[in-house]
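Trainee: Encoded as structure tokens, here's the structure I'll be asking about.
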Amino acid sequence: MAVASGRLPHSLILAGPQGAGKYTLALMLTLALECERQPRELWSTGQSLASYCGVCSNCTRIASAIDLPAQVEAAVAAREALTSTEQKDTRVLIQPHPDVLILPPDPPQLLIKLGQVRSLIQSSQYLPAEAPRKVFLLTAASFMKEAANSLLKILEEPPDYAHLILCAENPGELLPTIRSRCALVRLGALPIEDLEMMLADRRPDWQPAHRTLVARLAQGAAGRALSFHLPEYIAARTDALLLLRSALTDPDHTPLFKMTETYRAGAEGQLKTTSLLRTLGLVLEDLLLLQAGTPELVRNTDIRPELESLAAAVSFAWIENASRGLDQVTSGMRRNLLRNLSLDAFAASLAG
């Protein structure tokens, strides 16, 4: 309705968890603003809604940016082909259309850099070339301090023809001066039942128990549910349960040591360790939920009998101690401590 009536705010924050559809919604708003045909749909209330045709030149070019990771990967590869001097002055910018500029976090620091915001400001000084409006999409709230301050210039006095849409998992990460100059839209979580129905349609090869599991782990985010890597999660959970069983019931730690040996150096080991720690935290949360008498909130529903057995074998204080130990291991990973030894020490502390 805001697009159809011409009242869409010039500066907008779309807030919601990872996978909630912030970027997809931002791209849909851009399509509705820039579509050459400007179709309109009527609600039952008689109000007009802006839509897009999806086939005009503007729509097809803008829609090509839907796979943002692939676009960023291609931009990074192009930058790496430059000389070292040129690389320093080149920032990752995605421009599927002359009047649409997308600013993703710039690798490897994954921050929106000053050079990117300067490109945005420079582009905003020119009238649209082929579309009714100019649209700038910032896909994350992770700004360098200088970049965030520079963005205030366009937020204070945005051109009439420009719209700036900022996606943020946590708007609190943004400067108060940025938040105060933008309208805020929060994307709510979808019900678990709706996610299960969506997964039944899009992932028919998954078992019903696994669809329920993913729907609960996605925390209401459709994008997270659809992109969920189920085999990776189950592998990490298997290792997490082995670690907990070794600490609680199995005096022979040989299987544990063999498992933790696979969490050694290298980028692959880092990703694997991060997945294990995150999964272990979810399992500990489920144990706490069972002890609190709220089994309906348990996420790992497909292994509930084993979780109930573990919950009966530990106390609240044990779970609290395990959570603190998990935080220490996570902190140690940032200091490049040996991963396998950190995991072994964590299991030993739980057994003690």
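Residues are named by chain letter and number: chains run A, B, ... in the order of the structure tokens, numbers start at 1 in each chain, and ligands are numbered from 1 in the order shown.
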Pull the closest atom pair for each residue of segment 287-309 of chain A that gets at most 12 Å from segment 203-217 of chain A, along with the distance in Å to one decimal, counting only C-alpha atoms, ordering rows by chain and then ascending residue number, as a tab-separated table.

Mentor:
residue	atom	partner	partner_atom	distance
A:Glu296	CA	A:Arg216	CA	10.6
A:Leu297	CA	A:Arg216	CA	8.6
A:Val298	CA	A:Arg216	CA	8.2
A:Arg299	CA	A:Arg216	CA	5.3
A:Asn300	CA	A:Leu213	CA	5.9
A:Thr301	CA	A:Leu213	CA	6.2
A:Asp302	CA	A:Ala209	CA	5.9
A:Ile303	CA	A:Ala209	CA	9.6
A:Arg304	CA	A:Leu213	CA	10.9

Trainee: Would you please give, as a list in words, all residues of segment 141-282 of chain A that DSSP assigns to strand (DSSP E) based on the backbone?

Mentor: Ala162, His163, Leu164, Ile165, Leu166, Cys167, Ala168, Ala183, Leu184, Val185 and Arg186 of chain A

Trainee: Restricting it to C-alpha atoms, dump the selection as a CSV table (one decimal), in the first residue's frame.

Mentor:
chain,number,residue,atom,x,y,z
A,162,ALA,CA,16.0,7.7,-3.7
A,163,HIS,CA,15.1,4.9,-1.3
A,164,LEU,CA,17.5,3.3,1.1
A,165,ILE,CA,16.6,-0.1,2.6
A,166,LEU,CA,18.7,-1.6,5.3
A,167,CYS,CA,18.5,-5.2,6.5
A,168,ALA,CA,19.4,-5.9,10.1
A,183,ALA,CA,11.2,3.7,9.6
A,184,LEU,CA,11.4,0.2,11.2
A,185,VAL,CA,9.6,-2.9,10.1
A,186,ARG,CA,10.1,-6.1,12.1

Trainee: Under the rule that only C-alpha atoms are counted, which of A:Gly281, A:Pro158, A:Pro39, A:Gly220 is the nearest residue to Glu320 of chain A?

Mentor: A:Gly281

Trainee: Nearest to Ser123 of chain A among A:Ala236, A:Val92, A:Ile192, A:Val135, with distances taken over only C-alpha atoms: which residue is it?

Mentor: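 Result for the nearest residue to Ser123 of chain A: A:Val135.
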
Trainee: Rank A:Val3, A:Ala20, A:Leu276, A:Ala70 by their smallest atom-to-atom distance to Tyr52 of chain A, using only C-alpha atoms, and report the top residue only.

Mentor: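 Counting only C-alpha atoms, the residue closest to Tyr52 of chain A is A:Val3.
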
Trainee: Give me, please, the distance in Å between atom CA of Arg91 of chain A and atom CA of Leu114 of chain A, quoted to one decimal.

Mentor: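 If I compute the distance from atom CA of Arg91 of chain A to atom CA of Leu114 of chain A, I get 9.1 Å.
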
Trainee: So how many Å separate atom CA of Ile112 of chain A and atom CA of Met144 of chain A, to one decimal?

Mentor: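 Interatomic distance, atom CA of Ile112 of chain A to atom CA of Met144 of chain A: 6.1 Å.
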
Trainee: Just want the 10 Å neighbourhood of Trp318 of chain A, counted on only C-alpha atoms, with same-chain residues fewer than 5 positions away dropped. Output as a PyMOL selection string.

Mentor: chain A and resi 313+323-324+350-351

Trainee: Got time to write the residues from that selection, C-alpha atoms, as an mmCIF file, in the first residue's frame?

Mentor:
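Below you can see part14.cif, which holds the result:
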data_model
loop_
_atom_site.group_PDB
_atom_site.id
_atom_site.type_symbol
_atom_site.label_atom_id
_atom_site.label_comp_id
_atom_site.auth_asym_id
_atom_site.auth_seq_id
_atom_site.Cartn_x
_atom_site.Cartn_y
_atom_site.Cartn_z
ATOM 1 C CA ALA A 313 20.592 -37.956 34.903
ATOM 2 C CA SER A 323 26.651 -23.810 29.629
ATOM 3 C CA ARG A 324 29.420 -21.810 31.287
ATOM 4 C CA LEU A 350 31.457 -32.163 32.917
ATOM 5 C CA ALA A 351 32.454 -35.599 34.206
#

Trainee: If I take atom CA of Pro96 of chain A and atom CA of Ser84 of chain A, how far is one from the other in Å, to one decimal?

Mentor: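 Atom-to-atom, atom CA of Pro96 of chain A and atom CA of Ser84 of chain A are spaced 26.0 Å apart.
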
Trainee: Taking only C-alpha atoms into account, which of A:Ser57, A:Thr330, A:Ser349, A:Thr139 comes nearest Pro69 of chain A?

Mentor: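 The shortest atom-to-atom distance to Pro69 of chain A comes from A:Thr139.
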
Trainee: Please determine, counting only C-alpha atoms, which residue among A:Ala348, A:Leu307, A:Ala147, A:Val100 has the shortest atom-to-atom distance to Leu289 of chain A.

Mentor: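 Among the listed residues, the smallest separation from Leu289 of chain A belongs to A:Leu307.
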
Trainee: Give me the residues near Arg181 of chain A as a PyMOL selection string, where near means some atom within 8 Å (using only C-alpha atoms) and where sequence neighbours in that chain fewer than 4 positions away do not count.

Mentor: chain A and resi 11+155-156+177
